[in-house]
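Here the structure comes first, spelled out in structure tokens, and everything after it is commentary.
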Amino acid sequence: MSLSNKDRMKIPRQAMPEQDKFERRNNFSEVNLGFTEELAVLEAQRCLQCPKSTCTEGCPVGVKIKDFISLVSEKDFAGAVAKLKEDNLLPAICGRVCPQEEQCESKCVLGKKGESVAIGRLERFVADWERVNLGIRTPELKPKTGQKVAVVGSGPAGLSCAGDLIQMGHDVTVFEALHELGGVLVYGIPEFRLPKEIVRAEIESLSKLGVDFQKNSIIGLTDTVDELFANGYDAVFIAVGAGLPYFLNIPGENFNGVYSSNEFLTRVNLMKAYKFPEFDTPVFNCKDKNVAVFGGGNTAMDAVRTSKRLGAKNAYIIYRRSENELPARKEEFHHAKEEGIEFIFLSNPQEFIGDEKGWLKGVRVQKMELGEPDASGRRRPVPIANSEYVIDIDMAVVAIGNGSNPIIQNTTPDLDYNKWGNILVDKDTMKTSKEGVFAGGDIVTGGATVILAMGAGRTAANAINEYLKTKK
Ligand code: SF4
């Protein structure tokens, strides 16, 4: 039965089923449980099938959103996932971690007066439905070109570029520095937000297409970019992400118990430190201890929620601006609050305090107030005189962002870089200053979102394809 637009607009946005907020504090299982078929169809029926679908304009990889949603509303889930994968080979990942509220959903006409269609939840639903009911299917490949591309890094930019290039008929090898594939998707994002099994399944689909994955290969050390060309590669795509953590640069940062979010999350998520001694990568035992995470982004939320699951008695976010300026996704903030995380806003760390054995025991913070907007458009935090006080903590995690790892820069000096070590590219093609070398993702933009990195990978794949056609 066909619904009128009036009927469609009467259907409320369907809520995401979630794991109980008290139970989930004690486990690493996924918080969001995903739509049932009934919820997915109901949500899909809300879509007005706008002639000019602005939602697609908000998608960095150009997913044909209204077409796949229409198929969901007709219960043709296999057709829906096939349509979605014409533009995105990693939908189960994107459906979980992309900030749709800032991208496709922010452009949905329904959002102007009410609530947008839950595009991300539908994306996740159809991807999960395929994996459970059909196994992940792979698309047709173009005939082989005989040309070889090296992709450096197996995070979202590298995977998206590799997926497009292999379909275009090129041979693709992805080089990954770590022993697990997925880059930030596996070392940075916890199991309770993005299960490793989901990442592995989507990478497996690229392997089935013929993408060759080489783990434990640090380009710049095992081989340089120039050596990749000498080894027969016709083009190189650099997508190594932003893996060098920033620190606060305050006294006491070397005390035992102070971590970067990179180290803390990598040890816990990727190396299973929470299962020590079964896995031989110990992490600070924060059971019944006080933990403070400094920062307000999604990584800070991931770190503090992880510490709660490890048994922290009090787990704080300490952030120098207010709740309004918090850069984390609203959903992550909401989940963190539900799980008992305490937020200390408008407070800036001044010094870590340790005991005589070098172990962290507190942090001195200064209260802040908001002044005029700064270059980012957010109101600048201004210190309040004589407002310092000490918070007792046993562990600290610094989650204030990452810069570019210098390995590529040190070994490939003939690329152009900015002062922060990001590779400079032509934004329309991701082409660098060096012949045959393209770059995209966080190594170009600094820390950004998964889907923006995937969009860069797709742009680069198209440009590499054109470059290879003309290469002698
Ligand atoms: S803008 Fe919203 S309502 Fe319109 S087609 Fe896209 S998802 Fe559907």
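Labeling convention for the structure tokens: chains A, B, ... as they appear, residues from 1 per chain, ligands from 1 in order of appearance.
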
query: Excluding same-chain residues fewer than 2 positions from Gln147 of chain A, what lies within 7 Å of it counting only C-alpha atoms, as JSON, numbers by chain?
result: {"A": [145, 149, 170, 171, 234]}

Let me see the file: selected residues, N, CA, C and O atoms, as a compact mmCIF listing (two decimals), in the first residue's frame.
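Output below, filename result.txt:
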# COMPACT_ATOMS: atom_id res chain seq x y z
N THR A 145 43.90 -4.76 -15.79
CA THR A 145 44.67 -3.79 -16.57
C THR A 145 46.15 -4.16 -16.57
O THR A 145 46.93 -3.64 -17.37
N VAL A 149 48.90 -0.98 -7.97
CA VAL A 149 48.86 0.19 -7.09
C VAL A 149 49.18 -0.26 -5.66
O VAL A 149 48.65 -1.27 -5.19
N HIS A 170 42.61 -2.95 -11.53
CA HIS A 170 44.03 -2.86 -11.17
C HIS A 170 44.37 -3.88 -10.08
O HIS A 170 43.50 -4.29 -9.32
N ASP A 171 45.65 -4.25 -10.02
CA ASP A 171 46.11 -5.07 -8.89
C ASP A 171 46.41 -4.12 -7.73
O ASP A 171 47.04 -3.08 -7.93
N ASP A 234 52.86 1.00 -10.03
CA ASP A 234 52.71 2.10 -11.00
C ASP A 234 52.20 3.37 -10.32
O ASP A 234 52.33 4.45 -10.89

Proximity of chain A to ligand 1: per-residue shortest pair, 12 Å limit, only C-alpha atoms and all ligand atoms, as a tab-separated table:
residue	atom	partner	partner_atom_place_in_ligand_line	distance
A:Asn5	CA	ligand 1	3 (S)	9.7
A:Arg8	CA	ligand 1	3 (S)	9.5
A:Met9	CA	ligand 1	3 (S)	9.4
A:Arg13	CA	ligand 1	3 (S)	11.8
A:Glu43	CA	ligand 1	7 (S)	10.2
A:Ala44	CA	ligand 1	8 (Fe)	8.2
A:Gln45	CA	ligand 1	8 (Fe)	9.1
A:Arg46	CA	ligand 1	3 (S)	7.0
A:Cys47	CA	ligand 1	8 (Fe)	3.8
A:Leu48	CA	ligand 1	3 (S)	4.3
A:Gln49	CA	ligand 1	5 (S)	4.1
A:Cys50	CA	ligand 1	4 (Fe)	4.3
A:Pro51	CA	ligand 1	5 (S)	7.3
A:Lys52	CA	ligand 1	5 (S)	7.4
A:Ser53	CA	ligand 1	5 (S)	4.6
A:Thr54	CA	ligand 1	1 (S)	5.0
A:Cys55	CA	ligand 1	6 (Fe)	4.3
A:Thr56	CA	ligand 1	6 (Fe)	6.8
A:Glu57	CA	ligand 1	1 (S)	9.3
A:Gly58	CA	ligand 1	1 (S)	9.6
A:Cys59	CA	ligand 1	6 (Fe)	10.7
A:Gly62	CA	ligand 1	6 (Fe)	11.9
A:Val63	CA	ligand 1	6 (Fe)	10.6
A:Lys64	CA	ligand 1	6 (Fe)	9.0
A:Ile65	CA	ligand 1	6 (Fe)	6.3
A:Lys66	CA	ligand 1	5 (S)	4.6
A:Asp67	CA	ligand 1	5 (S)	8.2
A:Phe68	CA	ligand 1	7 (S)	9.9
A:Ile69	CA	ligand 1	8 (Fe)	7.5
A:Ser70	CA	ligand 1	8 (Fe)	8.7
A:Val72	CA	ligand 1	8 (Fe)	12.0
A:Ser73	CA	ligand 1	8 (Fe)	11.4
A:Gln100	CA	ligand 1	7 (S)	11.3
A:Glu101	CA	ligand 1	7 (S)	11.9
A:Gln103	CA	ligand 1	1 (S)	11.3
A:Cys104	CA	ligand 1	7 (S)	7.8
A:Glu105	CA	ligand 1	7 (S)	7.1
A:Ser106	CA	ligand 1	1 (S)	8.9
A:Lys107	CA	ligand 1	1 (S)	6.2
A:Cys108	CA	ligand 1	1 (S)	3.5
A:Val109	CA	ligand 1	1 (S)	4.7
A:Leu110	CA	ligand 1	3 (S)	5.6
A:Gly111	CA	ligand 1	2 (Fe)	7.6
A:Lys112	CA	ligand 1	2 (Fe)	9.9
A:Lys113	CA	ligand 1	3 (S)	11.7
A:Gly114	CA	ligand 1	2 (Fe)	11.1
A:Glu115	CA	ligand 1	2 (Fe)	9.5
A:Ser116	CA	ligand 1	2 (Fe)	6.2
A:Val117	CA	ligand 1	7 (S)	5.3
A:Ala118	CA	ligand 1	7 (S)	7.9
A:Ile119	CA	ligand 1	7 (S)	6.5
A:Gly120	CA	ligand 1	7 (S)	10.2
A:Arg121	CA	ligand 1	7 (S)	11.8
A:Leu122	CA	ligand 1	7 (S)	10.4
A:Glu123	CA	ligand 1	7 (S)	11.5

File dump, residues just selected, C-alpha atoms, as a compact mmCIF listing (two decimals), in the first residue's frame:
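Final file, result.txt:
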# COMPACT_ATOMS: atom_id res chain seq x y z
CA ASN A 5 3.53 12.14 2.27
CA ARG A 8 4.80 9.29 6.07
CA MET A 9 5.32 12.43 8.11
CA ARG A 13 11.75 8.53 13.91
CA GLU A 43 11.80 4.11 9.38
CA ALA A 44 12.24 3.73 5.61
CA GLN A 45 8.57 4.59 5.13
CA ARG A 46 9.27 8.03 6.59
CA CYS A 47 11.40 8.95 3.55
CA LEU A 48 9.54 11.30 1.18
CA GLN A 49 11.52 10.18 -1.87
CA CYS A 50 12.26 13.83 -2.68
CA PRO A 51 12.80 14.50 -6.41
CA LYS A 52 15.92 16.50 -5.49
CA SER A 53 17.36 14.33 -2.75
CA THR A 54 19.55 16.70 -0.78
CA CYS A 55 20.60 13.86 1.55
CA THR A 56 22.95 12.46 -1.13
CA GLU A 57 24.65 15.86 -1.44
CA GLY A 58 25.66 15.48 2.21
CA CYS A 59 27.31 12.09 1.64
CA GLY A 62 27.58 9.95 -2.93
CA VAL A 63 25.44 7.01 -1.76
CA LYS A 64 22.07 6.92 -3.61
CA ILE A 65 20.24 7.25 -0.35
CA LYS A 66 16.62 7.54 -1.40
CA ASP A 67 16.97 4.57 -3.77
CA PHE A 68 18.31 2.19 -1.13
CA ILE A 69 15.75 3.45 1.41
CA SER A 70 12.93 2.89 -1.07
CA VAL A 72 14.09 -1.13 2.38
CA SER A 73 10.51 0.16 2.55
CA GLN A 100 25.41 11.16 9.83
CA GLU A 101 23.82 13.95 11.85
CA GLN A 103 26.36 14.81 6.88
CA CYS A 104 23.50 13.12 4.98
CA GLU A 105 20.97 13.46 7.81
CA SER A 106 21.75 17.16 8.24
CA LYS A 107 20.60 17.67 4.62
CA CYS A 108 17.39 15.62 4.92
CA VAL A 109 14.32 17.80 4.32
CA LEU A 110 12.48 16.18 7.21
CA GLY A 111 15.13 17.57 9.57
CA LYS A 112 14.07 21.15 8.79
CA LYS A 113 10.85 20.91 10.78
CA GLY A 114 11.26 17.71 12.72
CA GLU A 115 13.58 14.73 12.77
CA SER A 116 15.53 13.57 9.71
CA VAL A 117 15.28 10.04 8.36
CA ALA A 118 17.67 7.81 10.35
CA ILE A 119 19.83 7.13 7.29
CA GLY A 120 22.80 5.76 9.26
CA ARG A 121 20.67 3.27 11.17
CA LEU A 122 19.14 2.03 7.89
CA GLU A 123 22.60 1.75 6.35

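Straight-line separation from atom CA of Asn269 of chain A to atom CA of Tyr187 of chain A: 6.0 Å.
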
Counting only C-alpha atoms, closest pick from A:Ile451, A:Ile407, A:Val126, A:Ile136 relative to Gly34 of chain A is A:Val126

Would you give me, as a short mmCIF file (atom, residue, chain, number, x, y, z; two decimals) with all heavy atoms, in the first residue's frame, the residues in segment 138-191 of chain A that DSSP reads as helix (DSSP H, G or I)?
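Listing of part_12.cif after writing:
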data_model
loop_
_atom_site.label_atom_id
_atom_site.label_comp_id
_atom_site.auth_asym_id
_atom_site.auth_seq_id
_atom_site.Cartn_x
_atom_site.Cartn_y
_atom_site.Cartn_z
N PRO A 156 40.20 3.72 6.87
CA PRO A 156 39.08 3.95 5.97
C PRO A 156 39.46 4.52 4.61
O PRO A 156 38.89 4.09 3.59
CB PRO A 156 38.19 4.93 6.74
CG PRO A 156 38.93 5.32 7.97
CD PRO A 156 40.03 4.34 8.19
N ALA A 157 40.43 5.45 4.53
CA ALA A 157 40.81 6.00 3.22
C ALA A 157 41.44 4.92 2.35
O ALA A 157 41.11 4.76 1.17
CB ALA A 157 41.78 7.18 3.40
N GLY A 158 42.36 4.15 2.95
CA GLY A 158 43.05 3.10 2.19
C GLY A 158 42.08 2.02 1.73
O GLY A 158 42.14 1.58 0.57
N LEU A 159 41.17 1.60 2.60
CA LEU A 159 40.23 0.53 2.24
C LEU A 159 39.30 0.98 1.12
O LEU A 159 39.02 0.24 0.18
CB LEU A 159 39.41 0.11 3.45
CG LEU A 159 40.18 -0.59 4.59
CD1 LEU A 159 39.25 -0.87 5.75
CD2 LEU A 159 40.83 -1.87 4.09
N SER A 160 38.81 2.22 1.23
CA SER A 160 37.88 2.69 0.20
C SER A 160 38.59 2.83 -1.14
O SER A 160 38.06 2.43 -2.18
CB SER A 160 37.25 3.99 0.70
OG SER A 160 37.26 4.98 -0.24
N CYS A 161 39.82 3.33 -1.14
CA CYS A 161 40.59 3.47 -2.38
C CYS A 161 40.87 2.08 -2.98
O CYS A 161 40.68 1.85 -4.18
CB CYS A 161 41.89 4.21 -2.08
SG CYS A 161 42.85 4.64 -3.52
N ALA A 162 41.29 1.14 -2.12
CA ALA A 162 41.61 -0.21 -2.59
C ALA A 162 40.37 -0.87 -3.19
O ALA A 162 40.44 -1.52 -4.25
CB ALA A 162 42.14 -1.04 -1.43
N GLY A 163 39.22 -0.69 -2.53
CA GLY A 163 37.97 -1.30 -3.02
C GLY A 163 37.58 -0.78 -4.39
O GLY A 163 37.14 -1.54 -5.27
N ASP A 164 37.76 0.51 -4.62
CA ASP A 164 37.41 1.09 -5.94
C ASP A 164 38.42 0.66 -6.99
O ASP A 164 38.05 0.30 -8.11
CB ASP A 164 37.38 2.62 -5.84
CG ASP A 164 36.10 3.12 -5.18
OD1 ASP A 164 35.24 2.28 -4.84
OD2 ASP A 164 35.95 4.34 -5.01
N LEU A 165 39.72 0.68 -6.66
CA LEU A 165 40.75 0.37 -7.66
C LEU A 165 40.68 -1.08 -8.12
O LEU A 165 40.88 -1.38 -9.29
CB LEU A 165 42.14 0.66 -7.08
CG LEU A 165 42.51 2.15 -6.97
CD1 LEU A 165 43.77 2.32 -6.13
CD2 LEU A 165 42.69 2.77 -8.34
N ILE A 166 40.37 -1.99 -7.19
CA ILE A 166 40.33 -3.41 -7.58
C ILE A 166 39.15 -3.64 -8.53
O ILE A 166 39.24 -4.42 -9.47
CB ILE A 166 40.27 -4.33 -6.33
CG1 ILE A 166 40.68 -5.77 -6.69
CG2 ILE A 166 38.90 -4.36 -5.68
CD1 ILE A 166 42.14 -6.02 -6.63
N GLN A 167 38.05 -2.91 -8.30
CA GLN A 167 36.91 -3.05 -9.21
C GLN A 167 37.21 -2.47 -10.58
O GLN A 167 36.60 -2.86 -11.57
CB GLN A 167 35.68 -2.33 -8.62
CG GLN A 167 35.13 -3.02 -7.39
CD GLN A 167 33.90 -2.31 -6.87
OE1 GLN A 167 32.84 -2.40 -7.47
NE2 GLN A 167 34.04 -1.61 -5.78
N VAL A 184 42.68 2.97 12.25
CA VAL A 184 42.00 3.56 13.40
C VAL A 184 40.70 2.82 13.73
O VAL A 184 40.23 2.83 14.87
CB VAL A 184 41.75 5.06 13.15
CG1 VAL A 184 40.68 5.27 12.07
CG2 VAL A 184 41.37 5.79 14.42
N LEU A 185 40.13 2.13 12.74
CA LEU A 185 38.87 1.41 12.98
C LEU A 185 39.07 0.30 14.01
O LEU A 185 38.12 -0.05 14.73
CB LEU A 185 38.35 0.79 11.68
CG LEU A 185 38.07 1.76 10.53
CD1 LEU A 185 37.78 0.99 9.25
CD2 LEU A 185 36.89 2.66 10.88
N VAL A 186 40.29 -0.26 14.06
CA VAL A 186 40.52 -1.34 15.04
C VAL A 186 41.33 -0.89 16.25
O VAL A 186 41.10 -1.35 17.36
CB VAL A 186 41.15 -2.62 14.44
CG1 VAL A 186 40.20 -3.32 13.51
CG2 VAL A 186 42.46 -2.32 13.75
N TYR A 187 42.30 0.02 16.05
CA TYR A 187 43.08 0.39 17.23
C TYR A 187 42.44 1.52 18.02
O TYR A 187 42.64 1.65 19.22
CB TYR A 187 44.55 0.70 16.89
CG TYR A 187 44.83 2.04 16.22
CD1 TYR A 187 44.77 3.23 16.95
CD2 TYR A 187 45.20 2.11 14.89
CE1 TYR A 187 45.04 4.45 16.33
CE2 TYR A 187 45.47 3.32 14.27
CZ TYR A 187 45.39 4.49 15.00
OH TYR A 187 45.63 5.68 14.40
#
